[in-house]
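> Got a structure for you, coords_27.txt, holding compact mmCIF, C-alpha atoms.
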```txt
# COMPACT_ATOMS: atom_id res chain seq x y z
CA MET A 90 -14.81 -5.52 -8.61
CA ASP A 91 -16.22 -5.61 -12.10
CA PRO A 92 -19.60 -3.89 -12.64
CA ARG A 93 -20.71 -6.95 -14.61
CA SER A 94 -20.22 -9.17 -11.56
CA PRO A 95 -23.47 -10.35 -9.95
CA SER A 96 -22.29 -9.20 -6.51
CA TRP A 97 -21.26 -5.71 -7.65
CA ARG A 98 -22.94 -2.81 -5.89
CA PRO A 99 -22.57 0.90 -6.56
CA ASP A 100 -20.61 2.92 -4.04
CA PRO A 101 -23.01 5.51 -2.61
CA THR A 102 -20.26 7.22 -0.61
CA GLY A 103 -18.14 8.10 -3.64
CA ARG A 104 -15.01 6.81 -1.89
CA ARG A 105 -14.15 4.38 -4.71
CA LEU A 106 -14.19 7.18 -7.28
CA ALA A 107 -12.12 9.41 -4.98
CA THR A 108 -9.54 6.63 -4.61
CA ILE A 109 -9.34 6.15 -8.38
CA ARG A 110 -8.87 9.88 -8.89
CA MET A 111 -6.20 10.02 -6.19
CA ALA A 112 -4.33 7.14 -7.83
CA ARG A 113 -4.39 8.91 -11.19
CA ARG A 114 -3.16 12.15 -9.66
CA GLY A 115 -0.43 10.31 -7.77
CA ALA A 116 0.78 8.69 -10.99
CA VAL A 117 0.94 11.96 -12.89
CA LEU A 118 2.59 13.77 -10.00
CA ALA A 119 5.21 11.04 -9.61
CA ALA A 120 6.00 11.22 -13.32
CA VAL A 121 6.22 15.02 -13.23
CA LEU A 122 8.38 15.18 -10.09
CA PHE A 123 10.74 12.35 -10.94
CA ALA A 124 11.25 13.09 -14.65
CA PRO A 125 13.73 15.91 -13.86
CA VAL A 126 15.46 13.65 -11.34
CA GLY A 127 15.79 11.02 -14.07
CA ALA A 128 17.10 13.61 -16.51
CA VAL A 129 19.77 14.66 -14.01
CA GLY A 130 20.59 11.00 -13.48
CA MET A 131 21.00 10.40 -17.20
CA ALA A 132 23.29 13.42 -17.36
CA ILE A 133 25.60 12.35 -14.51
CA VAL A 134 25.67 8.59 -14.98
CA PRO A 135 28.39 7.40 -17.35
CA GLU A 136 26.96 6.68 -20.78
CA ILE A 137 26.05 3.10 -21.51
CA GLU A 138 27.73 2.50 -24.85
CA ALA A 139 25.54 -0.45 -25.74
CA LEU A 140 22.48 1.81 -25.88
CA GLY A 141 24.19 3.52 -28.78
CA THR A 142 22.02 6.52 -29.53
CA PRO A 143 20.44 9.24 -27.41
CA LEU A 144 17.04 8.02 -28.63
CA ALA A 145 17.65 4.60 -27.11
CA ALA A 146 18.70 6.20 -23.84
CA ALA A 147 15.59 8.40 -23.85
CA LEU A 148 13.39 5.34 -24.45
CA GLY A 149 15.07 3.64 -21.49
CA GLY A 150 14.34 6.71 -19.39
CA LEU A 151 10.70 6.69 -20.44
CA ALA A 152 10.45 3.02 -19.56
CA GLY A 153 11.78 3.83 -16.10
CA LEU A 154 9.31 6.69 -15.76
CA THR A 155 6.36 4.37 -16.37
CA GLY A 156 7.45 2.23 -13.43
CA VAL A 157 7.68 5.33 -11.25
CA ALA A 158 4.20 6.45 -12.33
CA LEU A 159 2.76 3.04 -11.46
CA LEU A 160 4.40 3.23 -8.06
CA GLY A 161 2.92 6.69 -7.51
CA ALA A 162 -0.53 5.42 -8.46
CA GLY A 163 -0.26 2.54 -6.05
CA LEU A 164 0.99 4.57 -3.11
CA ALA A 165 -1.18 7.69 -3.47
CA PRO A 166 -4.30 6.34 -1.73
CA ALA A 167 -2.18 5.16 1.21
CA ALA A 168 -0.52 8.55 1.66
CA VAL A 169 -3.70 10.31 2.69
CA GLY A 170 -4.17 8.58 6.06
CA SER A 171 -2.46 9.64 9.26
CA ARG A 172 0.88 11.43 9.40
CA ILE A 173 2.61 8.14 10.13
CA ASP A 174 1.06 6.76 6.95
CA GLY A 175 2.45 9.75 5.05
CA VAL A 176 5.93 9.14 6.45
CA ALA A 177 5.77 5.43 5.67
CA VAL A 178 4.60 6.12 2.13
CA GLY A 179 7.37 8.70 1.67
CA VAL A 180 9.99 6.17 2.75
CA ALA A 181 8.43 3.52 0.52
CA LEU A 182 8.44 5.93 -2.42
CA GLY A 183 12.05 6.96 -1.77
CA ILE A 184 13.14 3.33 -1.76
CA GLY A 185 10.78 2.18 -4.48
CA VAL A 186 11.42 4.85 -7.10
CA PRO A 187 14.96 3.74 -7.98
CA VAL A 188 13.88 0.10 -7.92
CA ALA A 189 10.85 0.74 -10.16
CA ALA A 190 12.79 2.94 -12.57
CA VAL A 191 15.77 0.62 -12.92
CA THR A 192 13.59 -2.49 -13.16
CA SER A 193 11.40 -1.01 -15.89
CA ALA A 194 14.40 0.22 -17.86
CA LEU A 195 16.13 -3.13 -17.36
CA ILE A 196 13.15 -5.07 -18.70
CA GLY A 197 12.84 -2.76 -21.69
CA SER A 198 16.54 -2.94 -22.51
CA PHE A 199 16.58 -6.72 -22.17
CA MET A 200 13.59 -7.10 -24.47
CA ALA A 201 14.96 -4.66 -27.06
CA GLY A 202 18.48 -6.08 -26.96
CA SER A 203 17.19 -9.63 -27.21
CA ALA A 204 14.89 -8.81 -30.11
CA LEU A 205 17.63 -7.04 -32.05
CA ASN A 206 20.72 -9.13 -31.32
CA GLY A 207 19.73 -12.25 -29.40
CA PHE A 208 19.42 -13.14 -25.74
CA ASP A 209 23.14 -12.88 -25.00
CA GLU A 210 23.21 -9.27 -26.12
CA GLY A 211 19.96 -8.56 -24.26
CA GLY A 212 21.42 -9.95 -21.05
CA ARG A 213 24.63 -7.97 -21.43
CA LEU A 214 22.70 -4.77 -22.11
CA ALA A 215 20.40 -5.40 -19.12
CA GLY A 216 23.46 -5.92 -16.90
CA GLU A 217 24.96 -2.61 -17.99
CA VAL A 218 21.65 -0.83 -17.39
CA LEU A 219 21.43 -2.39 -13.93
CA ARG A 220 24.97 -1.32 -12.98
CA GLY A 221 24.44 2.20 -14.29
CA GLY A 222 21.01 2.50 -12.67
CA VAL A 223 22.17 1.39 -9.23
CA GLY A 224 25.15 3.75 -9.34
CA GLY A 225 22.92 6.59 -10.48
CA ALA A 226 20.37 5.90 -7.74
CA VAL A 227 23.08 6.15 -5.09
CA ARG A 228 24.32 9.44 -6.51
CA LEU A 229 20.81 10.84 -6.78
CA SER A 230 19.55 9.75 -3.38
CA PRO A 231 19.26 13.32 -1.98
CA LEU A 232 17.16 14.41 -4.97
CA ILE A 233 15.04 11.27 -4.72
CA ALA A 234 14.39 11.94 -1.03
CA LEU A 235 13.46 15.56 -1.74
CA ALA A 236 11.10 14.62 -4.58
CA SER A 237 9.53 11.88 -2.43
CA ALA A 238 8.84 14.33 0.37
CA ALA A 239 7.36 16.84 -2.07
CA TRP A 240 5.17 14.11 -3.58
CA VAL A 241 3.76 13.14 -0.17
CA VAL A 242 3.06 16.78 0.78
CA VAL A 243 1.24 17.50 -2.49
CA VAL A 244 -0.80 14.30 -2.40
CA ARG A 245 -1.85 14.95 1.20
CA ARG A 246 -2.84 18.53 0.33
CA TRP A 247 -4.92 17.30 -2.60
CA ASP A 248 -6.80 14.99 -0.25
CA GLY A 249 -7.31 17.79 2.24
CA ALA A 250 -8.78 20.01 -0.47
CA ALA A 251 -11.03 17.18 -1.63
CA SER A 252 -12.16 16.49 1.96
CA ALA A 253 -13.09 20.13 2.43
CA ARG A 254 -15.39 19.95 -0.62
CA ARG A 255 -17.13 16.75 0.50
CA PRO A 256 -20.44 17.15 2.32
```
Let me see whether you can do it: turn the structure in this file into structure tokens.

Amino acid sequence: MDPRSPSWRPDPTGRRLATIRMARRGAVLAAVLFAPVGAVGMAIVPEIEALGTPLAAALGGLAGLTGVALLGAGLAPAAVGSRIDGVAVGVALGIGVPVAAVTSALIGSFMAGSALNGFDEGGRLAGEVLRGGVGGAVRLSPLIALASAAWVVVVRRWDGAASARRP
């Protein structure tokens, strides 16, 4: 709710601020944990020739990382509930990370390819990124599961430390 709204009221409990901070931490942690997984993926997935240069491939990887960070921000507040919530969030993160990464990279490659060489080239490039991303996600599934579990454990520990400091 916007503070300029007539029905806005301050949060005396501080829970809103704690949720915002947890979302930020979840985003950064997701980016930090899954960046090496993405780097391994870019190393083992066959090169997409249409991307041309390593710089273009790195930009595609960064685009995928932004989607993963957004997913981490969205799931972090939900991970701090019960243990079942933590398990459900871990599964959602494990499934959602490849989807978010490939979708973000796909959108970026389609936009760049379309802007440079027309919509036909953008569509072809997006198709190659999709095929490579899905194949890479299958190959990297053990690493994705491990990073998802680590993410949930760290986020839940952060909340536990914050709860211990609250009055």
> Restricting the calculation to only C-alpha atoms: of A:Leu195, A:Val129, A:Val176, A:Ala112, which residue gets closest to Leu148 in chain A?
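Of all the options, A:Leu195 lies closest to Leu148 in chain A.
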> Compare A:Leu182, A:Ala107, A:Leu160, A:Ile133 by their minimum atom-to-atom distance to Ala236 in chain A, counting only C-alpha atoms, and give me the closest one.
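Distance minimum relative to Ala236 in chain A lands on A:Leu182.
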> Ranking A:Val126, A:Val191, A:Trp240, A:Ser96 by minimum distance to Gly224 in chain A and counting only C-alpha atoms, which one comes first?
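Closest to Gly224 in chain A of all the choices is A:Val191.
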> Would you mind telling me which residue in A:Ser237, A:Glu217, A:Pro135, A:Ala168 lies nearest to Val121 in chain A when using only C-alpha atoms?
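Between A:Ser237, A:Glu217, A:Pro135, A:Ala168, the residue approaching Val121 in chain A most closely is A:Ser237.
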> Restricting the calculation to all atoms listed in the file, which member of A:Gly197, A:Gly163, A:Gly175, A:Gly216 is positioned closest to Ala116 in chain A?
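Closest to Ala116 in chain A of all the choices is A:Gly163.
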> Would you pick out the contacts of Val241 in chain A at 10 Å or less, using all atoms listed in the file, so that residues sharing its chain but fewer than 3 positions from it are not included, and give the list as a VMD selection string?
chain A and resid 115 118 to 119 161 164 to 165 168 to 169 174 to 180 182 236 to 238 244 to 247
> When you count only C-alpha atoms, which of these residues is closest to Ala132 in chain A: A:Gly249, A:Gly183, A:Gly225, A:Pro166?
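For Ala132 in chain A, the nearest of the candidates is A:Gly225.
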> What separation in Å, quoted to one decimal, exists between CA of Ser171 in chain A and CA of Val242 in chain A?
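Distance reported for this atom pair: 12.4 Å.
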> Could you jot down the CA of Val157 in chain A to CA of Phe123 in chain A separation for me, Å, one decimal place?
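Computed distance, CA of Val157 in chain A to CA of Phe123 in chain A, equals 7.7 Å.
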> Please supply range 93-108 of chain A, rebuilt with N, CA and C atoms, as a PDB file, in the frame of the given file.

```pdb
ATOM      1  N   ARG A  93     -19.912  -5.866 -14.040  1.00  0.00           N
ATOM      2  CA  ARG A  93     -20.710  -6.950 -14.610  1.00  0.00           C
ATOM      3  C   ARG A  93     -20.855  -8.127 -13.657  1.00  0.00           C
ATOM      4  N   SER A  94     -20.153  -8.095 -12.545  1.00  0.00           N
ATOM      5  CA  SER A  94     -20.220  -9.170 -11.560  1.00  0.00           C
ATOM      6  C   SER A  94     -21.587  -9.151 -10.877  1.00  0.00           C
ATOM      7  N   PRO A  95     -22.149 -10.327 -10.588  1.00  0.00           N
ATOM      8  CA  PRO A  95     -23.470 -10.350  -9.950  1.00  0.00           C
ATOM      9  C   PRO A  95     -23.470  -9.766  -8.539  1.00  0.00           C
ATOM     10  N   SER A  96     -22.319  -9.739  -7.861  1.00  0.00           N
ATOM     11  CA  SER A  96     -22.290  -9.200  -6.510  1.00  0.00           C
ATOM     12  C   SER A  96     -21.818  -7.741  -6.454  1.00  0.00           C
ATOM     13  N   TRP A  97     -21.690  -7.101  -7.617  1.00  0.00           N
ATOM     14  CA  TRP A  97     -21.260  -5.710  -7.650  1.00  0.00           C
ATOM     15  C   TRP A  97     -22.366  -4.796  -7.169  1.00  0.00           C
ATOM     16  N   ARG A  98     -22.003  -3.813  -6.365  1.00  0.00           N
ATOM     17  CA  ARG A  98     -22.940  -2.810  -5.890  1.00  0.00           C
ATOM     18  C   ARG A  98     -22.311  -1.434  -6.085  1.00  0.00           C
ATOM     19  N   PRO A  99     -23.129  -0.446  -6.443  1.00  0.00           N
ATOM     20  CA  PRO A  99     -22.570   0.900  -6.560  1.00  0.00           C
ATOM     21  C   PRO A  99     -22.100   1.416  -5.209  1.00  0.00           C
ATOM     22  N   ASP A 100     -21.153   2.334  -5.256  1.00  0.00           N
ATOM     23  CA  ASP A 100     -20.610   2.920  -4.040  1.00  0.00           C
ATOM     24  C   ASP A 100     -21.329   4.246  -3.772  1.00  0.00           C
ATOM     25  N   PRO A 101     -22.266   4.260  -2.844  1.00  0.00           N
ATOM     26  CA  PRO A 101     -23.010   5.510  -2.610  1.00  0.00           C
ATOM     27  C   PRO A 101     -22.178   6.589  -1.935  1.00  0.00           C
ATOM     28  N   THR A 102     -21.068   6.222  -1.312  1.00  0.00           N
ATOM     29  CA  THR A 102     -20.260   7.220  -0.610  1.00  0.00           C
ATOM     30  C   THR A 102     -19.347   7.999  -1.553  1.00  0.00           C
ATOM     31  N   GLY A 103     -19.053   7.446  -2.714  1.00  0.00           N
ATOM     32  CA  GLY A 103     -18.140   8.100  -3.640  1.00  0.00           C
ATOM     33  C   GLY A 103     -16.673   7.871  -3.313  1.00  0.00           C
ATOM     34  N   ARG A 104     -16.405   7.045  -2.322  1.00  0.00           N
ATOM     35  CA  ARG A 104     -15.010   6.810  -1.890  1.00  0.00           C
ATOM     36  C   ARG A 104     -14.217   6.067  -2.957  1.00  0.00           C
ATOM     37  N   ARG A 105     -14.855   5.131  -3.664  1.00  0.00           N
ATOM     38  CA  ARG A 105     -14.150   4.380  -4.710  1.00  0.00           C
ATOM     39  C   ARG A 105     -13.679   5.322  -5.810  1.00  0.00           C
ATOM     40  N   LEU A 106     -14.556   6.219  -6.240  1.00  0.00           N
ATOM     41  CA  LEU A 106     -14.190   7.180  -7.280  1.00  0.00           C
ATOM     42  C   LEU A 106     -13.091   8.122  -6.792  1.00  0.00           C
ATOM     43  N   ALA A 107     -13.166   8.538  -5.537  1.00  0.00           N
ATOM     44  CA  ALA A 107     -12.120   9.410  -4.980  1.00  0.00           C
ATOM     45  C   ALA A 107     -10.776   8.688  -4.941  1.00  0.00           C
ATOM     46  N   THR A 108     -10.786   7.399  -4.635  1.00  0.00           N
ATOM     47  CA  THR A 108      -9.540   6.630  -4.610  1.00  0.00           C
ATOM     48  C   THR A 108      -8.954   6.493  -6.013  1.00  0.00           C
TER      49      THR A 108
END
```
